[in-house]
Each structure stands twice: as structure tokens, then as C-alpha cells.
Amino acid sequence: MTYSAPVKDMLFAMEHLARIDQVAQIPGFEDAGLETAQAVLEECAKLCEGVVAPLNKAGDTDPSSLSDGVVTTTPGFKEAFRQYAEGGWQGLQHPQDFGGQGLPKTIGAACVEMLNSANLSFALCPLLTDGAIEALLTAGSDELKATYLEKLVTGEWTGTMNLTEPQAGSDLALVRTKAEPQPDGTYRIFGTKIFITYGEHDMAGNIVHLVLARVAGAPEGVKGISLFVVPKFLVQPDGSLGARNDVHCVSIEHKMGIKASPTAVLQYGDNGGAIGYLVGEENRGLEYMFIMMNAARYAVGVQGIAVAERAYQHAVAYARDRVQSRPVDGSVRGSATIIHHPDVRRMLMTMRACTEGCRAMAATAAAAYDAAHHHPDAQVREANALFYEFMVPLVKGYSTEMSLEVTSLGVQVHGGMGFIEETGAAQYYRDAKILTIYEGTTAIQANDLVGRKTARDGGQTALAIAQQIEKTEAELAASGTSDALAMARQLTAARQAFTDAVAFVSGQAKADPNAVYAGSVPYLMLAGNLVAGWQMARALLVAEQLLQKGQDEAFMRAKIATARFYAEHILVKAAGLRDAIVQGGASVMALPMDAF
């Protein structure tokens, strides 16, 4: 099954929802308007469709392997990564001062989606490198930046995040890896890290590990964690590679999906200690690591959109080709292709609407990120930062949970053949499962949304978003078309369900935390559903206006139909989620633990 990048839909979201014209008014982004975006996306599509996508199935059937501490990636990966790096794609969103292209996230996010649709396992290596770059840009010393950033930005070297240990999964307070200060200002690192994506591979000359560890005498818990750069190969003063550092891959995991991505167990310090370099200040490591994690969480949400898009395309192609049963309306006398059948259409429309809604949500969030980090007006930066921070758990949590539903539907569209590996539908389902787990499970995203993003400010940011949605409802009502009015009804009901949930969460978080956090994931799903639906409503309004002008009739009619489907089949879930949040906490905790 070939992959065709949805460039037209990406540009629609970028132009009309993310408003790239406004992003291009920010100093430094003047040349990053729609024309540039289209050129970049079309070029990225060529690489993803022609070079990276054909390796996706091979990565599943012939995954990375480990022998004598050396990881060999899937045949073709090394050559594809070289093309990726030489094309400047690793540095697309990173500063020109370090060899990047300095383009906004609004453009970069679409390219990230394409790469992940083409090959989720392959795209994980650049994703982790992006996080390492962000952490060093924010907290690295001038010396660390000079040593590592250009090589990372150009893709000559790659980066990793080293958080998890055998006894410390998401609870980083339990990290035991040690860092011993040395007279020369370096540290010796000792410990074991697990689940390290691309912790060892053969695609780049060096691997730059960012490692959480404790310095002797540091406070207990998360307040005593520091962050270190620990390269696979030490770097000489002239920038050339020196001796192998004391870090080694002892195994790679055999996984349900993303099989081509080597998930390594790394051992530090078996031969005297791995040499590490402190990032920023001691005991502030978790703060710095959250820079990487936030970048990665958004990117993982985009991965969910990406694999959903690939599964949708695969399912549509099969539904157009597979002949089975007569249509119930008698429109074909004999057996017909299954795309004629109403329930297949329902599944395909669900896949399409969910994917487009989340893509629009992610694009809007990316534009907010660009404004939050680069706009000259401090008030504009602050407002967009609040919006973006609220969006991160939605993009990560809702989009990845959505990808499970969409990839499962993709298997279902195939029927029995979906359960057979040779059709390829099952790979997307298996690959998607990890997305709700790594970089913080859906529950961790939901707890963040409840505690830091809603209860902390008394629901003010959430309610401000609801006010923006209310304005869109008024625009729908003013439009007066049957599609706009249908969307307005469901958007209004969903917004009201959301504000009810916000009142409960912000009002009861301290008084009855178990009841509130029992509904944290439903709250995240309600918020994500609403915001994605809001973007679909905005898309509907734009499509109606452009249709009146005679622009691309088929595309605009499809956009309107998809938005209305979202309203009538997906937004309608909001009321049930509200009831579960507001009324369902007691039943979650009612059964005694020993009764399970």
C-alpha cells in the first residue's frame, strides 16, 4: 500500500485555521508564508512517499537486530536517514545559527506528520533528536551548544532521552543512576536505563544521550535529579570523535509494534564510569527534561494523527477494491465493492473525521507555539503560551487515543483479511498502541490537564477557550445553512458539557481529589473532542465561504460533509463524558481493593 501525503488538507489547516499569514508577520518568519509552506510540504512529500514509506513494511518484518553490542537497523534505513539528513529535514524548525532552517513549528509539524505516516519506526529517531536539541538550546552551556548542536541539527549525530530505569517507570523520583563529580568538571555516570528509543543504532556517527542522574548528596525525590550529556563517543577539542564512552547497549526489546525502532537497555559505567557533562545546574534536571518531554509529547500526538492517516488511506483503498455482498438499497444488482455499504462508510467517515479534526487541532496549537516563543508583544506571547500548554495534553492524549480507534477500524474495514498480516492493516494498529503509553501515558496527560492546566488557575484558561468556541457557534448560526446549524447545535452542547466538567474539576480538585482524578481521562477526551470539533466547525465555515466563491468545489464539499459527520457522530459523545466526570467518581472507587 502506497502512501500519499495529504498536502492539500495540511495547507488548508495551515492557511485557514492556523493562520500562517499571521505567523509570517512574526519577526524572523517573514519568509515562512503559505508559498514557502507549500514548497516545503511538497518537497517533504517526495521524500516521505518515495524513500521512507516503502521501508515501513520491511521494518515490521525485518526489524533492527543486536549482535555483540552492535545494533543493525532494517536494510535501507541507514541510506534513507542519510537522505533525510542531507536534505536538511532534521534542522527544519531549528535555529539557523546552528545549521537549521529556522522555519516555524506551523510548517514543521506538517512535515513531522508526513514522516511518521510514511514510517513510524524510522521517524522516532529524528523525534528524539529534536527533543535533545530543544533541551540544549534552552539549558545547555555555550560550550555544550558549540560541541553538539550543529551536529544534531544537521543530522550528523542523533539524540536520545534517558529517563526510565527498571524500578522507575513514570515515577522519576525513584531514579537511581549516579553521577560522581570529577576534578575536571565532568561527572562519571553509573546506572541502567531502559526503553531508550534509538539508544544504539548504525545510522549516525555519534549518539548524544541526555541522561537523568543523581549527584551524591542531592535531595531525595525529583528535586535531586540532574541532567547530563553523555555521548556514545567522546568529542575531541577539534570536534572530531575520540574514544568510546563507557555506555553500552546490553539488549533491545522485542515489541508489539514499531519493531524497526531499536528500544535499548543501556548500561552506564561498567568500566570506570561514563563521562558526562552537566546541563545547566545540578538538581534542575527534571525541569530541563520537561523541555524535551513537552516537545516529544506534542510530536507523539502528531504521530497518532500520522498513523491514523496511513490506516485511513489503506482502508479506503481496500474498500474500493473488495467485492462483498449486495448494497442494502439495491443500487447494484449483484455483489459490490464494500464502500457501497453504510457501515463501511460510517467507519471510513469516522476515520477521516477524527484524523482531520486532530490535524486541525495540532496545526492550531503549532501556530500558538510559534507566537508564544517568537511574537514581539509580551501579552500575545503569554496568551498563546497558556493556550499551547493547555493544548499539549490534548494533542498528545486525545490524538493518540483517537489513533487506536482509527487503526482498529482500519482492521475492521478489512474484515478477516485485516487480521492477516500480509494486508498490512494490522501493523498500523500494533504500531499505534505505544503512542498512548510513551512520553507519559494518557492518564499522565490527563492528570497534567486536571492539575496543572485546569485546577491550578481555577479553570480560567479552559473557560477562555470555551468563550472562543462560543464565538464560532455564533458564526455558525449567522451562516444559517443546514450544515452550519447542525454543527452549531452539537458544538454548543459539547461546550456546555465541557464547562460543566471544568466547574467540577476546578471546584472539587482539593475537596475530593479521588472523584476528580477518577474522571481525568474522560475529561481529557471531552476537551480533545471539543477542541477538535471546534476546528472542524471553523473549517466548515471557511469551506462554505470558499465554495460560494467557486474554489475547489469537490474539496470544499468534502470538508463540509466531514465536519457535519464529526458533529453528529463524534461531538455527540460529549454529554456522556460529562456525566461520567461529574457523577461517576464514586463508582470508580467503590469496589474494595481486595475485591478485584
# chains A, B, ... in the order shown; residues from 1 in each chain; ligands from 1
>>> residues_around(residues="region 27-44 of chain A", least_positions_apart="4", cutoff="9 Å", atoms="only C-alpha atoms", output="list in words")
Ala5, Val7, Lys8, Met10, Leu11, Met14, Glu15, Ile20, Asp21, Gln22, Val23, Cys48, Glu49, Trp89, Gly102, Leu103, Pro104, Thr106, Ile107, Gly108, Ala110, Cys111, Met114, Leu115, His374, His375 and Pro376 of chain A
>>> residues_around(residues="region 118-128 of chain A", least_positions_apart="5", cutoff="7 Å", atoms="only C-alpha atoms", output="list of chain:residue names")
A:Tyr3, A:Cys48, A:Glu49, A:Val52, A:Ala53, A:Asn56, A:Gln90, A:Gly159, A:Thr160, A:Met161, A:Tyr198, A:Ile258, A:Lys259, A:Ala260, A:Ser261, A:Ala296
>>> write_last_selection(atoms="C-alpha atoms", output="PDB file, in the first residue's frame")
ATOM      1  CA  TYR A   3       1.280   6.500   0.972  1.00  0.00           C
ATOM      2  CA  CYS A  48       8.345  10.502   2.503  1.00  0.00           C
ATOM      3  CA  GLU A  49       6.378   8.894  -0.319  1.00  0.00           C
ATOM      4  CA  VAL A  52      10.746   6.404   3.621  1.00  0.00           C
ATOM      5  CA  ALA A  53       7.278   4.891   3.133  1.00  0.00           C
ATOM      6  CA  ASN A  56       7.616   0.656   6.520  1.00  0.00           C
ATOM      7  CA  GLN A  90      16.335  17.429  10.874  1.00  0.00           C
ATOM      8  CA  GLY A 159      19.997  12.313  20.315  1.00  0.00           C
ATOM      9  CA  THR A 160      18.138  10.320  22.969  1.00  0.00           C
ATOM     10  CA  MET A 161      16.230  10.826  26.217  1.00  0.00           C
ATOM     11  CA  TYR A 198      17.367   4.580  19.212  1.00  0.00           C
ATOM     12  CA  ILE A 258       7.411  -0.117  15.940  1.00  0.00           C
ATOM     13  CA  LYS A 259       9.703  -3.104  15.549  1.00  0.00           C
ATOM     14  CA  ALA A 260      12.308  -1.364  13.402  1.00  0.00           C
ATOM     15  CA  SER A 261      12.938   1.232  16.106  1.00  0.00           C
ATOM     16  CA  ALA A 296       8.130  14.990  22.425  1.00  0.00           C
TER      17      ALA A 296
END
>>> closest_residue(among="A:Gln83, A:Gln551, A:Ser482, A:Ser506", to="Arg564 (chain A)", atoms="only C-alpha atoms")
A:Ser482
>>> residues_around(residues="region 268-280 of chain A", least_positions_apart="3", cutoff="8 Å", atoms="only C-alpha atoms", output="compact mmCIF listing (two decimals) with C-alpha atoms, in the first residue's frame")
# COMPACT_ATOMS: atom_id res chain seq x y z
CA LEU A 136 20.38 22.05 24.84
CA ALA A 139 19.62 24.94 29.19
CA GLY A 140 22.97 23.97 27.63
CA SER A 141 26.14 25.98 28.23
CA GLY A 185 34.28 19.46 35.99
CA THR A 186 32.94 16.35 34.30
CA TYR A 187 30.93 13.60 36.00
CA ARG A 188 31.17 9.82 36.00
CA ILE A 189 27.77 8.22 35.30
CA PHE A 190 26.76 4.80 36.67
CA GLY A 191 23.42 3.06 36.16
CA THR A 192 20.95 1.31 33.88
CA SER A 226 20.30 16.42 37.35
CA LEU A 227 20.64 16.23 33.57
CA PHE A 228 23.80 15.20 31.74
CA VAL A 229 25.06 14.93 28.19
CA VAL A 230 26.71 11.53 27.78
CA PRO A 231 27.92 10.94 24.20
CA ASN A 245 32.45 6.27 26.20
CA ASP A 246 31.54 3.80 28.94
CA VAL A 247 27.95 3.30 27.78
CA HIS A 248 26.83 0.11 26.06
CA ARG A 284 17.31 21.02 37.96
CA GLY A 285 17.38 18.07 35.60
>>> select_by_dssp(residues="region 127-177 of chain A", states="strand (DSSP E or B)", output="number ranges by chain")
A: 157-162, 165, 168
>>> write_last_selection(atoms="C-alpha atoms", output="tab-separated table (two decimals), in the first residue's frame")
chain	number	residue	atom	x	y	z
A	157	TRP	CA	24.59	12.87	15.09
A	158	THR	CA	21.35	11.83	16.80
A	159	GLY	CA	20.00	12.31	20.31
A	160	THR	CA	18.14	10.32	22.97
A	161	MET	CA	16.23	10.83	26.22
A	162	ASN	CA	17.32	8.60	29.14
A	165	GLU	CA	15.01	2.70	34.82
A	168	ALA	CA	11.43	3.78	37.91
>>> closest_residue(among="A:Val344, A:Ala363, A:Val521, A:Ala554", to="Glu401 (chain A)", atoms="only C-alpha atoms")
A:Val521
>>> residues_around(residues="Lys433 (chain A)", least_positions_apart="6", cutoff="9 Å", atoms="only C-alpha atoms", output="list in words")
Met256, Gly257, Thr400, Glu401, Ser403 and Leu404 of chain A
>>> write_last_selection(atoms="C-alpha atoms", output="PDB file, in the first residue's frame")
ATOM      1  CA  MET A 256       4.312  -5.456  19.732  1.00  0.00           C
ATOM      2  CA  GLY A 257       4.885  -2.715  17.159  1.00  0.00           C
ATOM      3  CA  THR A 400      -3.153   9.032  20.299  1.00  0.00           C
ATOM      4  CA  GLU A 401      -6.303   7.512  21.778  1.00  0.00           C
ATOM      5  CA  SER A 403      -5.317   6.674  16.563  1.00  0.00           C
ATOM      6  CA  LEU A 404      -6.181   3.432  18.359  1.00  0.00           C
TER       7      LEU A 404
END
>>> residues_around(residues="region 579-586 of chain A", least_positions_apart="6", cutoff="9 Å", atoms="only C-alpha atoms", output="ChimeraX atom specification")
/A:497,500-501,504-505,514-523
>>> write_last_selection(atoms="N, CA and C atoms", output="mmCIF file, in the first residue's frame")
data_model
loop_
_atom_site.group_PDB
_atom_site.id
_atom_site.type_symbol
_atom_site.label_atom_id
_atom_site.label_comp_id
_atom_site.auth_asym_id
_atom_site.auth_seq_id
_atom_site.Cartn_x
_atom_site.Cartn_y
_atom_site.Cartn_z
ATOM 1 N N ALA A 497 -21.195 20.943 28.010
ATOM 2 C CA ALA A 497 -20.723 19.763 28.758
ATOM 3 C C ALA A 497 -19.319 20.007 29.300
ATOM 4 N N ASP A 500 -19.341 22.479 32.255
ATOM 5 C CA ASP A 500 -19.802 21.763 33.450
ATOM 6 C C ASP A 500 -18.652 20.961 34.066
ATOM 7 N N ALA A 501 -17.894 20.287 33.204
ATOM 8 C CA ALA A 501 -16.778 19.480 33.686
ATOM 9 C C ALA A 501 -15.681 20.356 34.284
ATOM 10 N N PHE A 504 -16.632 21.373 37.760
ATOM 11 C CA PHE A 504 -16.466 20.266 38.698
ATOM 12 C C PHE A 504 -14.987 20.050 39.026
ATOM 13 N N VAL A 505 -14.149 20.018 38.002
ATOM 14 C CA VAL A 505 -12.713 19.752 38.202
ATOM 15 C C VAL A 505 -12.070 20.852 39.034
ATOM 16 N N ASN A 514 -9.984 12.173 44.661
ATOM 17 C CA ASN A 514 -10.225 10.867 44.047
ATOM 18 C C ASN A 514 -11.353 10.942 43.013
ATOM 19 N N ALA A 515 -12.420 11.656 43.346
ATOM 20 C CA ALA A 515 -13.545 11.777 42.417
ATOM 21 C C ALA A 515 -13.136 12.516 41.156
ATOM 22 N N VAL A 516 -12.334 13.574 41.313
ATOM 23 C CA VAL A 516 -11.906 14.359 40.149
ATOM 24 C C VAL A 516 -10.948 13.559 39.277
ATOM 25 N N TYR A 517 -9.946 12.947 39.880
ATOM 26 C CA TYR A 517 -8.939 12.237 39.083
ATOM 27 C C TYR A 517 -9.466 10.912 38.547
ATOM 28 N N ALA A 518 -10.523 10.384 39.130
ATOM 29 C CA ALA A 518 -11.177 9.208 38.543
ATOM 30 C C ALA A 518 -11.737 9.545 37.163
ATOM 31 N N GLY A 519 -12.074 10.811 36.967
ATOM 32 C CA GLY A 519 -12.598 11.250 35.672
ATOM 33 C C GLY A 519 -11.601 12.024 34.846
ATOM 34 N N SER A 520 -10.316 11.918 35.158
ATOM 35 C CA SER A 520 -9.330 12.742 34.456
ATOM 36 C C SER A 520 -9.213 12.376 32.978
ATOM 37 N N VAL A 521 -9.186 11.086 32.667
ATOM 38 C CA VAL A 521 -9.092 10.692 31.258
ATOM 39 C C VAL A 521 -10.375 11.046 30.510
ATOM 40 N N PRO A 522 -11.564 10.771 31.055
ATOM 41 C CA PRO A 522 -12.763 11.271 30.375
ATOM 42 C C PRO A 522 -12.743 12.789 30.170
ATOM 43 N N TYR A 523 -12.186 13.531 31.134
ATOM 44 C CA TYR A 523 -12.090 14.988 30.982
ATOM 45 C C TYR A 523 -11.175 15.354 29.820
#
>>> closest_residue(among="A:Thr442, A:Glu473, A:Gly59, A:Met593", to="Thr73 (chain A)", atoms="only C-alpha atoms")
A:Gly59
>>> decode(residues="region 534-562 of chain A", atoms="N, CA and C atoms", output="PDB file, in the first residue's frame")
ATOM      1  N   TRP A 534     -14.290  21.949  17.403  1.00  0.00           N
ATOM      2  CA  TRP A 534     -14.259  23.402  17.169  1.00  0.00           C
ATOM      3  C   TRP A 534     -13.490  23.722  15.890  1.00  0.00           C
ATOM      4  N   GLN A 535     -12.348  23.052  15.715  1.00  0.00           N
ATOM      5  CA  GLN A 535     -11.575  23.303  14.495  1.00  0.00           C
ATOM      6  C   GLN A 535     -12.329  22.819  13.250  1.00  0.00           C
ATOM      7  N   MET A 536     -13.053  21.723  13.382  1.00  0.00           N
ATOM      8  CA  MET A 536     -13.868  21.258  12.256  1.00  0.00           C
ATOM      9  C   MET A 536     -14.985  22.248  11.941  1.00  0.00           C
ATOM     10  N   ALA A 537     -15.529  22.876  12.991  1.00  0.00           N
ATOM     11  CA  ALA A 537     -16.556  23.894  12.776  1.00  0.00           C
ATOM     12  C   ALA A 537     -15.974  25.102  12.044  1.00  0.00           C
ATOM     13  N   ARG A 538     -14.805  25.523  12.456  1.00  0.00           N
ATOM     14  CA  ARG A 538     -14.137  26.631  11.762  1.00  0.00           C
ATOM     15  C   ARG A 538     -13.849  26.255  10.310  1.00  0.00           C
ATOM     16  N   ALA A 539     -13.435  25.013  10.100  1.00  0.00           N
ATOM     17  CA  ALA A 539     -13.162  24.545   8.731  1.00  0.00           C
ATOM     18  C   ALA A 539     -14.437  24.565   7.894  1.00  0.00           C
ATOM     19  N   LEU A 540     -15.547  24.162   8.492  1.00  0.00           N
ATOM     20  CA  LEU A 540     -16.825  24.168   7.783  1.00  0.00           C
ATOM     21  C   LEU A 540     -17.169  25.584   7.314  1.00  0.00           C
ATOM     22  N   LEU A 541     -17.004  26.558   8.180  1.00  0.00           N
ATOM     23  CA  LEU A 541     -17.321  27.942   7.830  1.00  0.00           C
ATOM     24  C   LEU A 541     -16.441  28.439   6.683  1.00  0.00           C
ATOM     25  N   VAL A 542     -15.157  28.125   6.751  1.00  0.00           N
ATOM     26  CA  VAL A 542     -14.241  28.532   5.673  1.00  0.00           C
ATOM     27  C   VAL A 542     -14.635  27.851   4.365  1.00  0.00           C
ATOM     28  N   ALA A 543     -14.924  26.554   4.438  1.00  0.00           N
ATOM     29  CA  ALA A 543     -15.267  25.799   3.227  1.00  0.00           C
ATOM     30  C   ALA A 543     -16.545  26.342   2.589  1.00  0.00           C
ATOM     31  N   GLU A 544     -17.519  26.734   3.414  1.00  0.00           N
ATOM     32  CA  GLU A 544     -18.744  27.324   2.862  1.00  0.00           C
ATOM     33  C   GLU A 544     -18.440  28.617   2.111  1.00  0.00           C
ATOM     34  N   GLN A 545     -17.590  29.443   2.697  1.00  0.00           N
ATOM     35  CA  GLN A 545     -17.237  30.715   2.063  1.00  0.00           C
ATOM     36  C   GLN A 545     -16.488  30.503   0.749  1.00  0.00           C
ATOM     37  N   LEU A 546     -15.554  29.578   0.756  1.00  0.00           N
ATOM     38  CA  LEU A 546     -14.773  29.323  -0.455  1.00  0.00           C
ATOM     39  C   LEU A 546     -15.608  28.645  -1.522  1.00  0.00           C
ATOM     40  N   LEU A 547     -16.566  27.829  -1.094  1.00  0.00           N
ATOM     41  CA  LEU A 547     -17.468  27.181  -2.044  1.00  0.00           C
ATOM     42  C   LEU A 547     -18.311  28.228  -2.776  1.00  0.00           C
ATOM     43  N   GLN A 548     -18.762  29.234  -2.059  1.00  0.00           N
ATOM     44  CA  GLN A 548     -19.534  30.313  -2.676  1.00  0.00           C
ATOM     45  C   GLN A 548     -18.715  31.064  -3.718  1.00  0.00           C
ATOM     46  N   LYS A 549     -17.392  31.066  -3.532  1.00  0.00           N
ATOM     47  CA  LYS A 549     -16.502  31.736  -4.485  1.00  0.00           C
ATOM     48  C   LYS A 549     -16.083  30.814  -5.622  1.00  0.00           C
ATOM     49  N   GLY A 550     -16.598  29.575  -5.584  1.00  0.00           N
ATOM     50  CA  GLY A 550     -16.295  28.629  -6.646  1.00  0.00           C
ATOM     51  C   GLY A 550     -14.933  27.981  -6.566  1.00  0.00           C
ATOM     52  N   GLN A 551     -14.336  27.969  -5.392  1.00  0.00           N
ATOM     53  CA  GLN A 551     -12.988  27.414  -5.239  1.00  0.00           C
ATOM     54  C   GLN A 551     -13.038  25.926  -4.902  1.00  0.00           C
ATOM     55  N   ASP A 552     -12.431  25.114  -5.716  1.00  0.00           N
ATOM     56  CA  ASP A 552     -12.201  23.686  -5.444  1.00  0.00           C
ATOM     57  C   ASP A 552     -13.444  23.023  -4.841  1.00  0.00           C
ATOM     58  N   GLU A 553     -14.488  22.946  -5.636  1.00  0.00           N
ATOM     59  CA  GLU A 553     -15.792  22.526  -5.141  1.00  0.00           C
ATOM     60  C   GLU A 553     -15.758  21.153  -4.464  1.00  0.00           C
ATOM     61  N   ALA A 554     -15.126  20.187  -5.090  1.00  0.00           N
ATOM     62  CA  ALA A 554     -15.125  18.836  -4.530  1.00  0.00           C
ATOM     63  C   ALA A 554     -14.468  18.807  -3.154  1.00  0.00           C
ATOM     64  N   PHE A 555     -13.335  19.492  -3.009  1.00  0.00           N
ATOM     65  CA  PHE A 555     -12.626  19.509  -1.726  1.00  0.00           C
ATOM     66  C   PHE A 555     -13.473  20.188  -0.662  1.00  0.00           C
ATOM     67  N   MET A 556     -14.082  21.334  -1.004  1.00  0.00           N
ATOM     68  CA  MET A 556     -14.855  22.082  -0.012  1.00  0.00           C
ATOM     69  C   MET A 556     -16.110  21.317   0.409  1.00  0.00           C
ATOM     70  N   ARG A 557     -16.773  20.678  -0.528  1.00  0.00           N
ATOM     71  CA  ARG A 557     -17.955  19.885  -0.167  1.00  0.00           C
ATOM     72  C   ARG A 557     -17.559  18.717   0.739  1.00  0.00           C
ATOM     73  N   ALA A 558     -16.416  18.110   0.460  1.00  0.00           N
ATOM     74  CA  ALA A 558     -15.945  17.015   1.312  1.00  0.00           C
ATOM     75  C   ALA A 558     -15.620  17.525   2.716  1.00  0.00           C
ATOM     76  N   LYS A 559     -15.041  18.710   2.793  1.00  0.00           N
ATOM     77  CA  LYS A 559     -14.702  19.290   4.103  1.00  0.00           C
ATOM     78  C   LYS A 559     -15.972  19.551   4.909  1.00  0.00           C
ATOM     79  N   ILE A 560     -17.003  20.093   4.249  1.00  0.00           N
ATOM     80  CA  ILE A 560     -18.270  20.363   4.929  1.00  0.00           C
ATOM     81  C   ILE A 560     -18.919  19.069   5.401  1.00  0.00           C
ATOM     82  N   ALA A 561     -18.967  18.071   4.526  1.00  0.00           N
ATOM     83  CA  ALA A 561     -19.584  16.789   4.879  1.00  0.00           C
ATOM     84  C   ALA A 561     -18.853  16.115   6.032  1.00  0.00           C
ATOM     85  N   THR A 562     -17.532  16.194   6.016  1.00  0.00           N
ATOM     86  CA  THR A 562     -16.742  15.571   7.082  1.00  0.00           C
ATOM     87  C   THR A 562     -16.961  16.287   8.409  1.00  0.00           C
TER      88      THR A 562
END
